[in-house]
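Shown next: run03.json, given as JSON, C-alpha atoms.
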```
[["chain", "number", "residue", "atom", "x", "y", "z"],
["C", 206, "MET", "CA", 0.00, 0.00, 0.00],
["C", 207, "ALA", "CA", 2.93, 2.34, 0.64],
["C", 208, "TYR", "CA", 4.22, 1.81, -2.87],
["C", 209, "THR", "CA", 0.78, 2.40, -4.34],
["C", 210, "ALA", "CA", 0.34, 5.62, -2.38],
["C", 211, "ALA", "CA", 3.72, 6.86, -3.62],
["C", 212, "ALA", "CA", 2.92, 5.85, -7.21],
["C", 213, "LEU", "CA", -0.39, 7.74, -7.13],
["C", 214, "PHE", "CA", 1.56, 11.01, -7.03],
["C", 215, "VAL", "CA", 3.14, 10.31, -10.46],
["C", 216, "PRO", "CA", 0.27, 11.84, -12.53],
["C", 217, "ALA", "CA", 0.33, 15.00, -10.39],
["C", 218, "ILE", "CA", 4.12, 15.25, -10.75],
["C", 219, "ALA", "CA", 3.89, 14.71, -14.51],
["C", 220, "MET", "CA", 1.19, 17.37, -14.77],
["C", 221, "MET", "CA", 3.42, 19.85, -12.96],
["C", 222, "PHE", "CA", 6.29, 19.32, -15.38],
["C", 223, "VAL", "CA", 4.05, 19.42, -18.47],
["C", 224, "ALA", "CA", 2.37, 22.63, -17.28],
["C", 225, "ALA", "CA", 5.74, 24.23, -16.56],
["C", 226, "VAL", "CA", 7.10, 23.34, -20.00],
["C", 227, "VAL", "CA", 3.98, 24.66, -21.75],
["C", 228, "GLY", "CA", 4.07, 27.90, -19.75],
["C", 229, "TRP", "CA", 7.83, 28.32, -20.10],
["C", 230, "ASP", "CA", 7.70, 31.10, -22.71],
["C", 231, "GLY", "CA", 5.27, 33.07, -20.56],
["C", 232, "THR", "CA", 2.75, 33.80, -23.27],
["C", 233, "PRO", "CA", -0.51, 31.87, -23.13],
["C", 234, "ASP", "CA", -2.06, 30.58, -26.35],
["C", 235, "PHE", "CA", -5.78, 30.76, -25.72],
["C", 236, "GLU", "CA", -6.63, 29.63, -29.26],
["C", 237, "SER", "CA", -6.20, 26.03, -28.11],
["C", 238, "ALA", "CA", -8.25, 25.09, -25.03],
["C", 239, "GLY", "CA", -5.78, 22.31, -24.15],
["C", 240, "GLN", "CA", -2.75, 24.57, -24.15],
["C", 241, "ALA", "CA", -4.65, 27.28, -22.30],
["C", 242, "GLY", "CA", -5.74, 24.71, -19.69],
["C", 243, "LEU", "CA", -2.15, 23.58, -19.21],
["C", 244, "TYR", "CA", -1.04, 27.19, -18.87],
["C", 245, "LEU", "CA", -3.75, 27.77, -16.28],
["C", 246, "SER", "CA", -2.58, 24.61, -14.45],
["C", 247, "LEU", "CA", 0.60, 26.37, -13.37],
["C", 248, "PHE", "CA", 0.82, 26.37, -9.59],
["C", 249, "ALA", "CA", 0.37, 29.85, -8.04],
["C", 250, "LEU", "CA", -0.48, 31.48, -11.38],
["C", 251, "VAL", "CA", -3.28, 33.46, -9.72],
["C", 252, "PHE", "CA", -0.74, 35.16, -7.43],
["C", 253, "SER", "CA", 2.14, 35.35, -9.90],
["C", 254, "PHE", "CA", 1.32, 38.72, -11.41],
["C", 255, "ASP", "CA", 0.92, 40.27, -7.96],
["C", 256, "ILE", "CA", 4.36, 39.05, -6.89],
["C", 257, "THR", "CA", 6.59, 39.42, -9.96],
["C", 258, "GLY", "CA", 4.38, 40.96, -12.63],
["C", 259, "ASN", "CA", 4.90, 37.99, -14.96],
["C", 260, "VAL", "CA", 4.53, 34.21, -15.06],
["C", 261, "ASP", "CA", 8.06, 33.41, -13.86],
["C", 262, "PHE", "CA", 6.99, 32.94, -10.25],
["C", 263, "ALA", "CA", 4.30, 30.44, -11.25],
["C", 264, "ILE", "CA", 6.74, 28.44, -13.37],
["C", 265, "ALA", "CA", 9.29, 28.33, -10.55],
["C", 266, "ALA", "CA", 6.61, 27.39, -8.00],
["C", 267, "THR", "CA", 5.28, 24.66, -10.30],
["C", 268, "MET", "CA", 8.74, 23.16, -10.84],
["C", 269, "THR", "CA", 9.46, 23.38, -7.11],
["C", 270, "LEU", "CA", 6.19, 21.64, -6.26],
["C", 271, "GLY", "CA", 6.81, 18.90, -8.82],
["C", 272, "CYS", "CA", 10.41, 18.26, -7.78],
["C", 273, "THR", "CA", 9.64, 18.34, -4.05],
["C", 274, "THR", "CA", 6.76, 15.92, -4.49],
["C", 275, "ALA", "CA", 8.87, 13.60, -6.64],
["C", 276, "VAL", "CA", 11.61, 13.44, -4.00],
["C", 277, "LEU", "CA", 9.13, 12.91, -1.17],
["C", 278, "ALA", "CA", 7.27, 10.18, -3.10],
["C", 279, "LEU", "CA", 10.57, 8.43, -3.82],
["C", 280, "VAL", "CA", 11.54, 8.57, -0.14],
["C", 281, "MET", "CA", 8.07, 7.35, 0.83],
["C", 282, "ALA", "CA", 8.61, 4.28, -1.37],
["C", 283, "PHE", "CA", 11.42, 3.41, 1.06],
["C", 284, "ARG", "CA", 8.83, 3.47, 3.88],
["C", 285, "VAL", "CA", 10.01, 6.52, 5.80],
["C", 286, "ASN", "CA", 6.88, 7.13, 7.86],
["C", 287, "PHE", "CA", 7.04, 10.89, 8.52],
["C", 288, "VAL", "CA", 7.32, 11.56, 4.78],
["C", 289, "ARG", "CA", 3.72, 10.54, 4.23],
["C", 290, "TRP", "CA", 2.61, 13.42, 6.45],
["C", 291, "LEU", "CA", 4.89, 15.80, 4.56],
["C", 292, "LEU", "CA", 3.27, 14.59, 1.33],
["C", 293, "ALA", "CA", -0.15, 15.12, 2.91],
["C", 294, "VAL", "CA", 0.74, 18.74, 3.76],
["C", 295, "VAL", "CA", 2.12, 19.39, 0.28],
["C", 296, "GLY", "CA", -0.97, 17.75, -1.19],
["C", 297, "PHE", "CA", -3.31, 19.87, 0.91],
["C", 298, "VAL", "CA", -1.55, 23.03, -0.26],
["C", 299, "ALA", "CA", -1.88, 21.93, -3.89],
["C", 300, "VAL", "CA", -5.52, 20.85, -3.46],
["C", 301, "GLY", "CA", -6.32, 24.16, -1.76],
["C", 302, "TYR", "CA", -4.73, 26.18, -4.54],
["C", 303, "TYR", "CA", -6.26, 24.21, -7.41],
["C", 304, "GLY", "CA", -9.65, 24.22, -5.72],
["C", 305, "TYR", "CA", -9.39, 27.99, -5.46],
["C", 306, "GLY", "CA", -8.20, 28.22, -9.06],
["C", 307, "VAL", "CA", -11.06, 26.15, -10.47],
["C", 308, "ILE", "CA", -13.62, 28.17, -8.50],
["C", 309, "ASP", "CA", -11.96, 31.40, -9.65],
["C", 310, "LEU", "CA", -12.06, 30.30, -13.30],
["C", 311, "ALA", "CA", -15.66, 29.09, -13.09],
["C", 312, "SER", "CA", -16.90, 32.24, -11.37],
["C", 313, "GLY", "CA", -14.92, 34.51, -13.71],
["C", 314, "GLY", "CA", -16.67, 33.26, -16.81],
["C", 315, "ALA", "CA", -13.80, 31.06, -18.03],
["C", 316, "ALA", "CA", -15.33, 27.71, -17.10],
["C", 317, "GLU", "CA", -14.36, 26.22, -20.49],
["C", 318, "TYR", "CA", -10.70, 26.55, -19.47],
["C", 319, "ALA", "CA", -11.22, 24.90, -16.07],
["C", 320, "LEU", "CA", -11.08, 21.31, -17.36],
["C", 321, "LEU", "CA", -7.33, 20.73, -17.04],
["C", 322, "PRO", "CA", -6.98, 22.65, -13.76],
["C", 323, "GLY", "CA", -9.89, 20.51, -12.50],
["C", 324, "ALA", "CA", -8.08, 17.36, -13.63],
["C", 325, "THR", "CA", -4.98, 18.62, -11.85],
["C", 326, "LEU", "CA", -7.09, 19.11, -8.73],
["C", 327, "LEU", "CA", -8.14, 15.45, -8.92],
["C", 328, "PHE", "CA", -4.54, 14.37, -9.60],
["C", 329, "TRP", "CA", -3.63, 15.96, -6.26],
["C", 330, "LEU", "CA", -6.77, 15.12, -4.29],
["C", 331, "VAL", "CA", -6.72, 11.34, -4.78],
["C", 332, "PRO", "CA", -3.13, 10.66, -3.64],
["C", 333, "THR", "CA", -3.43, 13.16, -0.80],
["C", 334, "VAL", "CA", -6.44, 11.31, 0.60],
["C", 335, "VAL", "CA", -4.86, 7.89, 0.01],
["C", 336, "VAL", "CA", -1.59, 8.81, 1.72],
["C", 337, "MET", "CA", -3.49, 9.62, 4.92],
["C", 338, "LEU", "CA", -5.42, 6.33, 5.08],
["C", 339, "PRO", "CA", -4.67, 4.01, 8.02],
["C", 340, "PRO", "CA", -3.61, 1.05, 5.81],
["C", 341, "VAL", "CA", -0.83, 3.21, 4.37],
["C", 342, "GLY", "CA", 0.34, 3.99, 7.90],
["C", 343, "ARG", "CA", 0.39, 0.30, 8.76],
["C", 344, "ALA", "CA", 2.28, -0.49, 5.57],
["C", 345, "MET", "CA", 4.85, 2.19, 6.41],
["C", 346, "ARG", "CA", 5.46, 0.69, 9.87],
["C", 347, "ARG", "CA", 5.91, -2.89, 8.63],
["C", 348, "ASN", "CA", 9.40, -4.02, 7.86],
["C", 349, "GLY", "CA", 8.26, -5.80, 4.71],
["C", 350, "GLN", "CA", 9.51, -9.21, 5.85],
["C", 351, "GLN", "CA", 7.13, -11.86, 6.99],
["C", 352, "ASN", "CA", 8.12, -15.30, 8.13],
["C", 353, "VAL", "CA", 6.72, -18.20, 6.15],
["C", 354, "ALA", "CA", 4.89, -19.84, 9.06],
["C", 355, "GLY", "CA", 3.27, -16.54, 10.03],
["C", 356, "ALA", "CA", 2.00, -16.03, 6.51],
["C", 357, "PHE", "CA", -0.21, -19.10, 6.73],
["C", 358, "GLY", "CA", -1.41, -18.66, 10.30],
["C", 359, "PRO", "CA", -0.67, -20.69, 13.42],
["C", 360, "GLY", "CA", -0.26, -24.40, 12.86],
["C", 361, "TYR", "CA", 0.16, -24.11, 9.10],
["C", 362, "GLY", "CA", 3.15, -23.81, 6.84],
["C", 363, "PRO", "CA", 6.36, -25.76, 6.46],
["C", 364, "GLY", "CA", 6.96, -28.42, 9.07],
["C", 365, "HIS", "CA", 3.37, -28.63, 10.35]]
```
Conversion result in structure tokens:
Amino acid sequence: MAYTAAALFVPAIAMMFVAAVVGWDGTPDFESAGQAGLYLSLFALVFSFDITGNVDFAIAATMTLGCTTAVLALVMAFRVNFVRWLLAVVGFVAVGYYGYGVIDLASGGAAEYALLPGATLLFWLVPTVVVMLPPVGRAMRRNGQQNVAGAFGPGYGPGH
């Protein structure tokens, strides 16, 4: 279950890198709804123009979010228990931002461009919820080795 929870972050990580590459030149192409949706999937794009006046902050924040999540998911695959809570915090930040972004797009009259940011929201929501489930916590605490007799129950297995 720990490996599955770590692997569920892969679509969100991939979406971060794809959105950053599409938005790299800083000029949105709103002729194509797909490219516009990817541009609008940049993390912190809503606040980018207030901070730097251009899209550079959003691209840097998107790459930082993607790289940080990739490293944490890789470490979580090695069953380091506290990392799952770090991933949950990072996931909550991403879910909060993308939830705000989708609501902002829908209420601003640009609902047709909210499809890919909405998909990005789901890419973050699902692994964030899964990483906090109790079975993932139990899987993180197990050492991964189980003796053969214990796998079959008491009185069963080799030699019985």
Quiz prompt | Counting all atoms listed in the file, the residue of C:Ala316, C:Met206, C:Ile264, C:Met337 that sits nearest Val223 (chain C) | solution = C:Ile264
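In terms of minimum interatomic distance to Ala225 (chain C), C:Leu247 ranks closest within C:Val334, C:Leu326, C:Leu247, C:Ala293, counting all atoms listed in the file.
If you measure from each of C:Val288, C:Ala217, C:Leu277, C:Ala249 to Ala263 (chain C) using all atoms listed in the file, the closest one turns out to be C:Ala249.
In this structure, CA of Tyr208 (chain C) sits 12.3 Å away from CA of Arg343 (chain C).
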Quiz item: Pick from C:Ala319, C:Ile256, C:Leu213, C:Val336: nearest to Leu292 (chain C), with only C-alpha atoms counted?
Solution: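 Closest to Leu292 (chain C), using only C-alpha atoms: C:Val336.
CA of Leu250 (chain C) is positioned 7.7 Å from CA of Phe262 (chain C).
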Quiz item: Nearest to Phe297 (chain C): which of C:Val331, C:Cys272, C:Ala224, C:Ala210 is it, counting all atoms listed in the file?
Solution: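 Among the listed residues, C:Val331 lies closest to Phe297 (chain C).
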Self-check item: From C:Thr209, C:Ser246, C:Thr257, C:Thr267, residue lying nearest Ala344 (chain C) [all atoms listed in the file]
Solution: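 Of the candidates, the smallest distance to Ala344 (chain C) is held by C:Thr209.
Residues in contact with Arg346 (chain C) at 9 Å, where all atoms listed in the file are counted and same-chain residues fewer than 5 positions away are skipped, are listed as Arg284, Val285, Asn286 and Val341 of chain C.
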Please produce a file of the residues just selected, as a PDB file, in the coordinates of the input, where the atoms kept are C-alpha atoms.
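out-v5.pdb, freshly written:
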```pdb
ATOM      1  CA  ARG C 284       8.830   3.470   3.880  1.00  0.00           C
ATOM      2  CA  VAL C 285      10.010   6.520   5.800  1.00  0.00           C
ATOM      3  CA  ASN C 286       6.880   7.130   7.860  1.00  0.00           C
ATOM      4  CA  VAL C 341      -0.830   3.210   4.370  1.00  0.00           C
TER       5      VAL C 341
END
```
Exercise. For Tyr244 (chain C), please output as a ChimeraX atom specification all residues within 12 Å (counting all atoms listed in the file; exclusion window: fewer than 5 positions along the same chain).
Key: /C:220-235,237-239,249-251,260,263-264,267,318-322,325
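The gap separating CA of Gly304 (chain C) from CA of Ala324 (chain C) is 10.6 Å, in Å to one decimal.
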